[in-house]
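Listing of start19.cif; format and content: mmCIF, C-alpha atoms and all ligand atoms.
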data_my_file
loop_
_atom_site.label_atom_id
_atom_site.label_comp_id
_atom_site.auth_asym_id
_atom_site.auth_seq_id
_atom_site.Cartn_x
_atom_site.Cartn_y
_atom_site.Cartn_z
CA MET A 642 -11.60 97.08 -5.09
CA ILE A 643 -12.29 100.30 -3.20
CA ARG A 644 -9.23 102.22 -2.15
CA LYS A 645 -9.50 104.79 0.66
CA ILE A 646 -7.97 108.07 -0.49
CA PRO A 647 -8.76 110.89 1.91
CA PHE A 648 -8.58 114.39 0.45
CA PHE A 649 -5.81 115.12 2.93
CA ASN A 650 -3.85 112.78 5.15
CA TYR A 651 -2.16 114.50 8.08
CA PRO A 652 -1.26 111.31 10.01
CA ALA A 653 0.54 109.88 6.97
CA LEU A 654 2.57 113.06 6.52
CA PHE A 655 3.58 112.97 10.18
CA ALA A 656 4.44 109.26 10.16
CA GLU A 657 6.67 109.64 7.08
CA ARG A 658 9.16 111.74 9.04
CA GLU A 659 8.14 111.13 12.65
CA ALA A 660 11.64 110.52 13.99
CA GLU A 661 12.98 113.75 12.51
CA PHE A 662 10.06 115.82 13.79
CA MET A 663 10.20 114.35 17.28
CA ALA A 664 13.94 114.81 17.61
CA GLU A 665 13.59 118.48 16.74
CA ILE A 666 10.54 119.02 18.96
CA ARG A 667 12.30 117.34 21.90
CA ARG A 668 15.39 119.46 21.35
CA VAL A 669 13.44 122.75 21.35
CA LEU A 670 11.33 121.80 24.37
CA ALA A 671 14.33 120.62 26.36
CA ALA A 672 16.13 123.88 25.67
CA GLY A 673 13.08 125.88 26.80
CA ARG A 674 13.11 128.09 23.70
CA TYR A 675 9.48 128.93 22.96
CA ILE A 676 9.00 132.47 21.68
CA LEU A 677 11.20 134.60 19.37
CA GLN A 678 14.23 132.35 19.79
CA ALA A 679 16.97 131.02 17.52
CA GLU A 680 14.82 128.42 15.74
CA LEU A 681 12.47 131.14 14.51
CA ARG A 682 15.25 133.33 13.15
CA ASP A 683 16.94 130.28 11.55
CA PHE A 684 13.73 129.30 9.80
CA GLU A 685 13.08 132.87 8.64
CA ALA A 686 16.61 133.02 7.21
CA ALA A 687 16.15 129.69 5.44
CA LEU A 688 12.93 130.92 3.86
CA GLU A 689 14.62 134.18 2.83
CA ALA A 690 17.24 132.07 1.06
CA PHE A 691 14.63 129.83 -0.55
CA THR A 692 12.47 132.68 -1.90
CA GLY A 693 15.21 135.22 -2.55
CA ILE A 694 13.09 137.75 -0.63
CA ARG A 695 14.97 140.00 1.82
CA HIS A 696 12.72 139.76 4.85
CA VAL A 697 10.61 136.90 6.16
CA VAL A 698 8.84 137.68 9.43
CA GLY A 699 7.08 134.76 11.10
CA VAL A 700 3.64 135.55 12.52
CA ALA A 701 0.79 133.63 14.15
CA ASN A 702 -1.16 132.74 10.97
CA GLY A 703 -1.71 133.73 7.36
CA THR A 704 -4.58 136.08 8.10
CA ASP A 705 -2.42 138.05 10.54
CA ALA A 706 0.34 138.10 7.93
CA LEU A 707 -2.05 139.94 5.59
CA VAL A 708 -3.27 142.27 8.36
CA LEU A 709 0.26 143.20 9.39
CA GLY A 710 1.37 143.49 5.77
CA LEU A 711 -1.52 145.85 4.98
CA ARG A 712 -0.84 147.92 8.11
CA ALA A 713 2.85 148.22 7.34
CA ALA A 714 2.03 149.08 3.72
CA GLY A 715 0.11 152.09 5.01
CA ILE A 716 -3.45 150.96 4.29
CA ARG A 717 -5.76 153.12 6.41
CA PRO A 718 -9.38 153.00 7.54
CA GLY A 719 -11.68 153.91 4.65
CA ASP A 720 -9.21 152.92 1.92
CA GLU A 721 -10.59 150.60 -0.73
CA VAL A 722 -8.64 147.44 -1.52
CA ILE A 723 -9.38 145.49 -4.70
CA LEU A 724 -9.18 141.70 -4.47
CA PRO A 725 -10.63 138.70 -6.30
CA SER A 726 -13.93 137.37 -5.02
CA HIS A 727 -12.61 133.89 -5.78
CA THR A 728 -10.51 133.60 -2.63
CA PHE A 729 -10.67 132.41 0.96
CA VAL A 730 -12.66 134.73 3.24
CA ALA A 731 -9.45 135.59 5.13
CA THR A 732 -8.18 137.76 2.26
CA ALA A 733 -11.12 140.11 2.64
CA ALA A 734 -11.22 139.77 6.43
CA ALA A 735 -7.65 141.08 6.64
CA VAL A 736 -8.70 144.19 4.69
CA HIS A 737 -11.76 144.64 6.91
CA LEU A 738 -9.68 144.18 10.08
CA VAL A 739 -7.44 147.14 9.22
CA GLY A 740 -10.58 149.24 8.75
CA ALA A 741 -10.34 149.29 4.96
CA VAL A 742 -13.03 148.25 2.48
CA PRO A 743 -12.62 145.03 0.47
CA VAL A 744 -13.81 145.38 -3.15
CA PRO A 745 -14.20 141.94 -4.75
CA VAL A 746 -13.73 141.60 -8.51
CA ASP A 747 -14.14 138.82 -11.05
CA ALA A 748 -11.84 135.97 -12.08
CA ARG A 749 -10.44 134.75 -15.38
CA ASP A 750 -10.64 131.23 -16.74
CA ASP A 751 -7.54 130.20 -14.77
CA HIS A 752 -9.55 131.05 -11.60
CA LEU A 753 -7.27 133.98 -10.67
CA MET A 754 -8.09 137.69 -10.48
CA ASP A 755 -9.10 139.31 -13.77
CA PRO A 756 -6.94 142.46 -14.18
CA ASP A 757 -9.63 144.10 -16.38
CA SER A 758 -12.26 143.58 -13.72
CA ALA A 759 -9.81 145.04 -11.20
CA ARG A 760 -9.19 148.10 -13.38
CA ALA A 761 -12.93 148.69 -13.72
CA ALA A 762 -13.34 148.67 -9.92
CA VAL A 763 -10.85 151.48 -9.23
CA THR A 764 -12.35 154.59 -7.58
CA SER A 765 -10.86 157.72 -6.03
CA ARG A 766 -10.68 155.83 -2.70
CA THR A 767 -8.79 152.80 -4.03
CA ARG A 768 -5.41 152.51 -2.33
CA ALA A 769 -4.29 148.95 -2.90
CA ILE A 770 -4.74 145.88 -5.05
CA MET A 771 -4.39 142.41 -3.57
CA PRO A 772 -3.71 139.67 -6.09
CA VAL A 773 -4.32 136.22 -4.63
CA GLN A 774 -1.88 133.63 -5.95
CA LEU A 775 -4.46 130.89 -5.73
CA ASN A 776 -4.03 127.14 -6.02
CA GLY A 777 -0.26 127.52 -6.33
CA ARG A 778 -0.32 129.82 -9.37
CA VAL A 779 0.74 133.45 -9.65
CA CYS A 780 -1.65 135.91 -11.38
CA ASP A 781 -0.60 137.62 -14.57
CA MET A 782 1.53 140.13 -12.66
CA ASP A 783 2.41 142.06 -15.84
CA GLN A 784 -1.23 143.10 -16.10
CA VAL A 785 -1.90 143.45 -12.37
CA GLY A 786 1.25 145.58 -12.10
CA ALA A 787 0.03 147.73 -15.00
CA VAL A 788 -3.28 148.43 -13.24
CA ALA A 789 -1.38 149.33 -10.05
CA ARG A 790 0.95 151.70 -11.93
CA GLU A 791 -1.84 153.37 -13.89
CA HIS A 792 -3.67 154.26 -10.69
CA GLY A 793 -0.82 154.59 -8.19
CA LEU A 794 -1.96 151.58 -6.13
CA VAL A 795 0.05 149.67 -3.59
CA VAL A 796 0.31 145.91 -4.31
CA VAL A 797 -0.05 143.59 -1.31
CA GLU A 798 0.01 139.92 -2.27
CA ASP A 799 -1.93 137.08 -0.75
CA ALA A 800 0.62 134.32 -1.35
CA ALA A 801 -0.89 131.96 1.25
CA GLN A 802 -1.30 129.25 -1.41
CA ALA A 803 1.77 129.89 -3.49
CA LEU A 804 5.10 129.39 -1.72
CA GLY A 805 7.53 128.31 -4.44
CA ALA A 806 5.36 129.44 -7.37
CA ARG A 807 6.93 131.84 -9.85
CA PHE A 808 5.97 134.26 -12.61
CA ARG A 809 8.71 135.18 -15.09
CA GLY A 810 11.18 133.65 -12.65
CA VAL A 811 10.08 135.87 -9.74
CA SER A 812 8.82 134.16 -6.58
CA ALA A 813 5.29 134.56 -5.30
CA GLY A 814 5.56 137.02 -2.45
CA ALA A 815 8.05 139.28 -4.24
CA PHE A 816 5.68 141.30 -6.42
CA GLY A 817 4.22 143.78 -3.97
CA VAL A 818 5.43 145.88 -1.06
CA ALA A 819 4.42 143.01 1.23
CA ALA A 820 2.93 139.54 0.99
CA GLY A 821 1.31 137.09 3.37
CA LEU A 822 2.07 133.38 3.59
CA SER A 823 0.16 130.74 5.56
CA PHE A 824 1.57 127.62 7.20
CA TYR A 825 -1.87 126.18 7.97
CA PRO A 826 -1.46 122.36 7.95
CA ALA A 827 -3.00 121.86 4.50
CA LYS A 828 -0.90 124.55 2.84
CA LEU A 829 2.10 123.76 0.65
CA LEU A 830 4.40 124.20 3.64
CA GLY A 831 2.24 123.32 6.63
CA CYS A 832 3.04 123.26 10.33
CA PHE A 833 1.35 121.36 13.19
CA GLY A 834 -1.11 124.13 13.97
CA ASP A 835 -1.32 127.75 12.86
CA GLY A 836 1.48 129.83 11.42
CA GLY A 837 2.20 132.45 8.81
CA ALA A 838 4.79 134.94 7.58
CA VAL A 839 5.06 138.37 6.03
CA LEU A 840 7.45 138.61 3.09
CA THR A 841 8.90 141.89 1.90
CA ASN A 842 11.89 143.26 0.02
CA ASP A 843 11.41 146.65 1.71
CA ASP A 844 13.67 147.12 4.75
CA ALA A 845 11.38 149.65 6.44
CA ILE A 846 8.32 147.43 6.02
CA GLY A 847 10.27 144.45 7.32
CA GLU A 848 11.22 146.37 10.45
CA HIS A 849 7.69 147.70 10.86
CA VAL A 850 6.21 144.18 10.74
CA ARG A 851 8.80 142.97 13.28
CA TRP A 852 7.47 145.40 15.89
CA LEU A 853 3.84 145.01 14.81
CA ARG A 854 4.00 141.29 15.64
CA ASP A 855 5.47 141.84 19.12
CA HIS A 856 3.44 144.47 20.98
CA GLY A 857 5.30 147.32 19.31
CA ARG A 858 8.52 146.38 21.08
CA THR A 859 11.86 147.25 19.54
CA ASP A 860 15.40 146.93 20.89
CA GLY A 861 15.11 150.15 22.88
CA PRO A 862 12.92 150.99 25.88
CA GLU A 863 10.12 152.61 23.83
CA VAL A 864 7.26 150.92 22.04
CA ALA A 865 7.04 151.98 18.40
CA GLY A 866 3.23 152.16 18.28
CA TRP A 867 -0.01 150.25 18.84
CA ALA A 868 0.59 146.69 17.78
CA TYR A 869 -0.36 143.03 18.05
CA ASN A 870 0.75 139.82 19.64
CA SER A 871 1.21 137.69 16.54
CA ARG A 872 4.36 135.59 16.61
CA LEU A 873 5.18 132.33 14.91
CA ASP A 874 6.14 130.19 17.87
CA ASN A 875 9.52 128.57 18.00
CA LEU A 876 8.27 125.01 17.98
CA GLN A 877 6.31 125.53 14.76
CA ALA A 878 9.29 127.32 13.23
CA ALA A 879 11.52 124.36 14.05
CA VAL A 880 9.03 121.92 12.48
CA LEU A 881 8.71 124.14 9.40
CA HIS A 882 12.48 124.24 9.05
CA VAL A 883 12.55 120.43 8.95
CA LYS A 884 9.83 120.45 6.28
CA LEU A 885 11.55 123.15 4.25
CA ARG A 886 14.49 120.78 3.70
CA THR A 887 12.39 118.56 1.42
CA PHE A 888 10.17 121.32 0.10
CA GLY A 889 11.74 121.37 -3.37
CA SER A 890 11.03 117.69 -3.91
CA ASP A 891 7.55 118.12 -2.40
CA LEU A 892 6.76 120.71 -5.07
CA ALA A 893 8.20 118.47 -7.80
CA ARG A 894 5.92 115.69 -6.59
CA ARG A 895 2.86 117.94 -6.71
CA ARG A 896 3.73 118.93 -10.27
CA GLU A 897 4.17 115.27 -11.18
CA ILE A 898 0.71 114.43 -9.82
CA ALA A 899 -0.75 117.40 -11.72
CA ARG A 900 0.94 116.14 -14.90
CA ARG A 901 -0.62 112.71 -14.43
CA TYR A 902 -4.08 114.19 -13.82
CA ASP A 903 -3.65 116.35 -16.89
CA GLU A 904 -2.70 113.41 -19.09
CA ALA A 905 -5.57 111.30 -17.75
CA PHE A 906 -8.32 113.94 -18.07
CA ARG A 907 -7.22 116.06 -21.03
CA ASP A 908 -9.60 114.41 -23.49
CA LEU A 909 -12.64 114.10 -21.21
CA PRO A 910 -15.76 115.93 -22.41
CA GLY A 911 -17.36 118.36 -19.95
CA VAL A 912 -14.16 118.82 -17.96
CA VAL A 913 -11.98 121.96 -17.87
CA LEU A 914 -8.55 121.45 -16.34
CA PRO A 915 -6.22 123.94 -14.70
CA PRO A 916 -3.19 124.89 -16.81
CA ALA A 917 -0.80 121.92 -16.99
CA PRO A 918 2.58 122.20 -15.28
CA THR A 919 5.15 123.40 -17.78
CA ASP A 920 8.67 124.74 -17.81
CA GLU A 921 7.87 127.10 -20.67
CA GLY A 922 5.82 130.27 -20.45
CA PRO A 923 5.72 132.78 -17.61
CA ASN A 924 4.09 130.59 -14.92
CA PHE A 925 5.76 128.00 -12.71
CA ASP A 926 2.81 126.49 -10.81
CA VAL A 927 3.14 124.46 -7.62
CA PHE A 928 -0.40 123.07 -7.28
CA GLN A 929 -1.47 123.90 -3.76
CA ASN A 930 -4.75 122.51 -5.11
CA TYR A 931 -5.87 120.73 -8.25
CA GLU A 932 -9.13 122.49 -9.02
CA LEU A 933 -10.99 121.45 -12.15
CA GLU A 934 -14.36 122.45 -13.57
CA VAL A 935 -16.82 119.67 -14.32
CA ASP A 936 -20.24 119.84 -16.00
CA ARG A 937 -21.67 117.19 -13.65
CA ARG A 938 -19.67 118.29 -10.62
CA ASP A 939 -21.93 117.10 -7.81
CA GLU A 940 -22.53 113.74 -9.49
CA LEU A 941 -18.81 113.21 -9.93
CA ARG A 942 -18.23 114.15 -6.30
CA GLY A 943 -20.76 111.55 -5.14
CA TRP A 944 -19.33 108.93 -7.50
CA LEU A 945 -15.83 109.46 -6.12
CA ALA A 946 -17.05 109.46 -2.51
CA ASP A 947 -18.75 106.10 -3.11
CA ARG A 948 -15.39 104.81 -4.35
CA GLY A 949 -13.38 106.08 -1.38
CA VAL A 950 -11.94 109.23 -2.94
CA GLY A 951 -12.21 112.43 -0.89
CA THR A 952 -12.77 115.69 -2.77
CA ILE A 953 -13.47 119.23 -1.64
CA ILE A 954 -15.51 122.09 -3.03
CA GLN A 955 -13.38 125.11 -2.23
CA TRP A 956 -14.77 127.31 0.61
CA GLY A 957 -17.97 125.28 0.70
CA GLY A 958 -18.94 126.49 -2.77
CA LYS A 959 -19.17 130.23 -2.19
CA ALA A 960 -16.98 133.14 -3.22
CA LEU A 961 -16.68 136.32 -1.12
CA HIS A 962 -19.51 138.18 -2.81
CA GLN A 963 -21.87 135.24 -2.21
CA PHE A 964 -21.62 135.31 1.61
CA LYS A 965 -24.63 137.37 2.67
CA ALA A 966 -23.22 138.29 6.09
CA LEU A 967 -20.24 140.09 4.54
CA GLY A 968 -22.34 142.58 2.59
CA LEU A 969 -20.29 142.31 -0.59
CA GLU A 970 -23.07 141.18 -2.92
CA ARG A 971 -22.73 141.98 -6.61
CA SER A 972 -22.68 140.16 -9.93
CA LEU A 973 -19.41 138.44 -10.93
CA PRO A 974 -20.35 135.94 -13.64
CA VAL A 975 -17.05 134.13 -14.16
CA THR A 976 -16.58 133.61 -10.43
CA GLU A 977 -20.16 132.35 -10.12
CA ARG A 978 -19.59 129.88 -12.95
CA ILE A 979 -16.39 128.66 -11.29
CA MET A 980 -18.07 128.20 -7.91
CA ALA A 981 -20.91 126.19 -9.45
CA ARG A 982 -18.58 123.84 -11.36
CA SER A 983 -15.33 123.44 -9.45
CA LEU A 984 -14.06 120.44 -7.58
CA MET A 985 -10.68 119.78 -5.97
CA LEU A 986 -9.10 116.35 -6.32
CA PRO A 987 -6.64 114.93 -3.78
CA MET A 988 -3.32 116.76 -4.20
CA ASN A 989 -0.68 116.16 -1.56
CA THR A 990 2.62 114.39 -1.04
CA ALA A 991 1.05 111.51 0.90
CA LEU A 992 -0.47 110.17 -2.37
CA SER A 993 1.25 107.12 -3.82
CA ASP A 994 1.48 106.46 -7.56
CA GLU A 995 -1.18 103.78 -7.09
CA ASP A 996 -3.47 106.32 -5.37
CA VAL A 997 -3.07 108.70 -8.30
CA SER A 998 -3.78 105.94 -10.82
CA TYR A 999 -6.90 104.98 -8.89
CA VAL A 1000 -8.22 108.57 -8.86
CA CYS A 1001 -7.47 108.90 -12.59
CA GLY A 1002 -9.24 105.63 -13.33
CA GLU A 1003 -12.35 106.49 -11.33
CA VAL A 1004 -12.73 109.97 -12.84
CA ARG A 1005 -12.38 108.48 -16.34
CA MET A 1006 -14.83 105.68 -15.51
CA PHE A 1007 -17.42 108.27 -14.42
CA HIS A 1008 -17.15 109.97 -17.79
CA SER A 1009 -17.33 106.80 -19.88
C1 LIG B 1 -5.12 129.87 4.05
C2 LIG B 1 -5.36 131.17 3.40
C3 LIG B 1 -5.33 132.39 4.10
C4 LIG B 1 -5.27 132.48 5.59
O1 LIG B 1 -4.30 131.76 6.23
P1 LIG B 1 -4.51 131.25 7.73
O2 LIG B 1 -3.15 130.77 8.10
O3 LIG B 1 -5.53 130.16 7.69
O4 LIG B 1 -4.96 132.42 8.55
C5 LIG B 1 -5.47 133.56 3.39
N1 LIG B 1 -5.64 133.55 2.05
C6 LIG B 1 -5.69 132.41 1.35
C7 LIG B 1 -5.85 132.47 -0.14
C8 LIG B 1 -5.57 131.17 2.00
O5 LIG B 1 -5.65 130.06 1.27
#
Would you kindly transcribe this structure into structure tokens?
Ligand SMILES: *Cc1c(COP(=O)(O)O)cnc(C)c1O
Amino acid sequence: MIRKIPFFNYPALFAEREAEFMAEIRRVLAAGRYILQAELRDFEAALEAFTGIRHVVGVANGTDALVLGLRAAGIRPGDEVILPSHTFVATAAAVHLVGAVPVPVDARDDHLMDPDSARAAVTSRTRAIMPVQLNGRVCDMDQVGAVAREHGLVVVEDAAQALGARFRGVSAGAFGVAAGLSFYPAKLLGCFGDGGAVLTNDDAIGEHVRWLRDHGRTDGPEVAGWAYNSRLDNLQAAVLHVKLRTFGSDLARRREIARRYDEAFRDLPGVVLPPAPTDEGPNFDVFQNYELEVDRRDELRGWLADRGVGTIIQWGGKALHQFKALGLERSLPVTERIMARSLMLPMNTALSDEDVSYVCGEVRMFHS
């Protein structure tokens, strides 16, 4: 029997906790608190407590979080910023939007930035390195940090896909001078629209981002400088605060699904899995996505679609350096291999155990 398993299921996630969401939304609307009000500060404080990071500043979306983080970190027009090509276009767009030059580098087998490729891309104009904590996994920050130290580079993290992930016990978002988070609906912690946050342990950068997001306004009569309108609105903050209450168990569920996929697919020929969730070793992964490599990727995708299972090829199958309009063309063999072979299976908290078993069974059937 065919079972319908969409790649993502927003209505199911809403229905699960509809009463809670609606009570909170009604409360905020009735109080007339829309912009920069108590619910925003309460949510920011809750996320500071969750991550252990000193400052969380809610902004309009994850791309803005990176733009404001880069600005506050002192990245200037003409500076070069090294980042992995295997990332969402927004990582590079943020660099471009502050007038700097994105320099895409290659990936390693875990699909994250290759620190050696990053080191080889350093020039006299390089100012920053932007590790992307992709698919809910933090890069090898020992090695990325070493490259940054060797060349005096600022680290700005793209943690849009990694809230709750850790490396050597340190939270994603805590490794650089600033980091960007996204609350896009499909992200680990998603709101009902767009949202994002800048994370920083640096008091001056925290304050800088607070005025950057609000037209340069501070407590006094002066504006502090040219700035943006990029605020996380109160209603989204209130919804996010509701979701944050179950976030720990949401992450545990994602890791459980990843464990079941790993057990089901480990022995399949022609399939390369992401690292399994483990409590040993430096990485604590939270599986924003479950991205595997498959020899017969497109065939498997069609097979699953015919059986009701939604899958996605990340970013439509292209990495940054493969988008002609961006002018970043170069040769990055590992990234190109990944883009030609990768597929993302359903990975979200709306999946039931039966859904997971069905996906496991169909992927195994394809390979038998
Ligand atoms: C989602 C995402 C962004 C951008 O976030 P938005 O909220 O969509 O602007 C940036 N980088 C990565 C890696 C992302 O996945």
Residues within 7 Å of ligand LIG 1 (chain B), counting only C-alpha atoms and all ligand atoms: report them as a ChimeraX atom specification. /A:702-705,728-729,731-732,773,775,799-802,823-825,828,835-837
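Shortest atom-to-atom contact with Glu659 in chain A among A:His849, A:Arg858, A:Arg778, A:Lys884: A:Lys884, counting only C-alpha atoms.
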Give as a compact mmCIF listing (two decimals) with C-alpha atoms, in the frame of the given file the set of residues within 9 Å of the point (-1.8, 150.4, 22.1), where distances use the file's coordinates and only C-alpha atoms.
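Dumped everything to result-v5.txt:
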# COMPACT_ATOMS: atom_id res chain seq x y z
CA HIS A 856 3.44 144.47 20.98
CA GLY A 857 5.30 147.32 19.31
CA GLY A 866 3.23 152.16 18.28
CA TRP A 867 -0.01 150.25 18.84
CA ALA A 868 0.59 146.69 17.78
CA TYR A 869 -0.36 143.03 18.05
Which residue of A:Arg872, A:Arg907, A:Arg942, A:Arg668 approaches Leu986 in chain A most closely, using all atoms listed in the file: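 When distances to Leu986 in chain A are compared using all atoms listed in the file, the smallest one comes from A:Arg942.
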Compare A:Met980, A:Leu967, A:Val785, A:Ala899 by their minimum atom-to-atom distance to His737 in chain A, counting all atoms listed in the file, and give me the closest one.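 Of all the options, A:Leu967 lies closest to His737 in chain A.
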To one decimal place, how far is CA of Asn875 in chain A from CA of Asp844 in chain A in Å?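 Computing the Euclidean distance for CA of Asn875 in chain A and CA of Asp844 in chain A yields 23.2 Å.
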For Phe833 in chain A, which of A:Ile666, A:Pro718, A:Ser812, A:Ala762 is the closest residue, counting all atoms listed in the file?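 Under the stated criterion, the closest residue is A:Ile666.
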Of A:Trp944, A:Arg894, A:Arg982, A:Val883, the one nearest to Phe655 in chain A when counting all atoms listed in the file is A:Val883
Interatomic distance between CA of Cys780 in chain A and CA of Ala917 in chain A? 15.1 Å
Just checking: using all atoms listed in the file, which residue out of A:Val698, A:Ala759, A:Met754, A:Leu794 ends up closest to Asp720 in chain A?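 Comparing A:Val698, A:Ala759, A:Met754, A:Leu794 against Asp720 in chain A, the winner is A:Leu794.
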Using all atoms listed in the file - which residues lie no farther than 12 Å from the point (-9.5, 108.5, -17.1) in the file's frame? Write them as a list in words. Arg901, Tyr902, Asp903, Glu904, Ala905, Phe906, Arg907, Asp908, Leu909, Pro910, Val912, Val997, Ser998, Tyr999, Val1000, Cys1001, Gly1002, Glu1003, Val1004, Arg1005, Met1006, Phe1007, His1008 and Ser1009 of chain A
Export, as a compact mmCIF listing (two decimals), in the frame of the given file, the selected residues with C-alpha atoms.
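Writing the result to selection.txt gives the following:
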# COMPACT_ATOMS: atom_id res chain seq x y z
CA ARG A 901 -0.62 112.71 -14.43
CA TYR A 902 -4.08 114.19 -13.82
CA ASP A 903 -3.65 116.35 -16.89
CA GLU A 904 -2.70 113.41 -19.09
CA ALA A 905 -5.57 111.30 -17.75
CA PHE A 906 -8.32 113.94 -18.07
CA ARG A 907 -7.22 116.06 -21.03
CA ASP A 908 -9.60 114.41 -23.49
CA LEU A 909 -12.64 114.10 -21.21
CA PRO A 910 -15.76 115.93 -22.41
CA VAL A 912 -14.16 118.82 -17.96
CA VAL A 997 -3.07 108.70 -8.30
CA SER A 998 -3.78 105.94 -10.82
CA TYR A 999 -6.90 104.98 -8.89
CA VAL A 1000 -8.22 108.57 -8.86
CA CYS A 1001 -7.47 108.90 -12.59
CA GLY A 1002 -9.24 105.63 -13.33
CA GLU A 1003 -12.35 106.49 -11.33
CA VAL A 1004 -12.73 109.97 -12.84
CA ARG A 1005 -12.38 108.48 -16.34
CA MET A 1006 -14.83 105.68 -15.51
CA PHE A 1007 -17.42 108.27 -14.42
CA HIS A 1008 -17.15 109.97 -17.79
CA SER A 1009 -17.33 106.80 -19.88
Kindly output range 774-779 of chain A as a CSV table (one decimal), keeping the file's coordinate frame, after building all heavy atoms.
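And here's part.csv as it stands now:
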chain,number,residue,atom,x,y,z
A,774,GLN,N,-2.6,134.6,-5.1
A,774,GLN,CA,-1.9,133.6,-6.0
A,774,GLN,C,-2.5,132.3,-5.6
A,774,GLN,O,-1.9,131.5,-4.8
A,774,GLN,CB,-0.4,133.7,-5.7
A,774,GLN,CG,0.2,135.1,-5.5
A,774,GLN,CD,0.0,136.0,-6.8
A,774,GLN,OE1,-0.8,135.8,-7.6
A,774,GLN,NE2,0.8,137.1,-6.9
A,775,LEU,N,-3.6,132.0,-6.2
A,775,LEU,CA,-4.5,130.9,-5.7
A,775,LEU,C,-4.1,129.6,-6.3
A,775,LEU,O,-3.6,129.5,-7.5
A,775,LEU,CB,-5.9,131.2,-6.1
A,775,LEU,CG,-7.0,130.5,-5.3
A,775,LEU,CD1,-7.0,131.0,-3.9
A,775,LEU,CD2,-8.3,130.6,-6.0
A,776,ASN,N,-4.3,128.5,-5.6
A,776,ASN,CA,-4.0,127.1,-6.0
A,776,ASN,C,-2.6,126.9,-6.5
A,776,ASN,O,-2.3,126.0,-7.2
A,776,ASN,CB,-5.0,126.8,-7.2
A,776,ASN,CG,-6.4,126.8,-6.8
A,776,ASN,OD1,-6.7,126.6,-5.6
A,776,ASN,ND2,-7.4,126.9,-7.7
A,777,GLY,N,-1.7,127.7,-6.0
A,777,GLY,CA,-0.3,127.5,-6.3
A,777,GLY,C,0.1,128.2,-7.6
A,777,GLY,O,1.1,127.7,-8.3
A,778,ARG,N,-0.6,129.2,-8.1
A,778,ARG,CA,-0.3,129.8,-9.4
A,778,ARG,C,-0.3,131.3,-9.2
A,778,ARG,O,-1.2,131.9,-8.5
A,778,ARG,CB,-1.4,129.4,-10.4
A,778,ARG,CG,-1.2,130.0,-11.8
A,778,ARG,CD,-2.3,129.5,-12.7
A,778,ARG,NE,-2.4,130.2,-14.0
A,778,ARG,CZ,-1.6,129.9,-15.0
A,778,ARG,NH1,-0.8,128.9,-15.0
A,778,ARG,NH2,-1.8,130.6,-16.2
A,779,VAL,N,0.7,132.0,-9.8
A,779,VAL,CA,0.7,133.4,-9.6
A,779,VAL,C,-0.1,134.1,-10.8
A,779,VAL,O,-0.1,133.6,-11.9
A,779,VAL,CB,2.2,133.9,-9.8
A,779,VAL,CG1,2.3,135.4,-9.7
A,779,VAL,CG2,3.1,133.3,-8.7
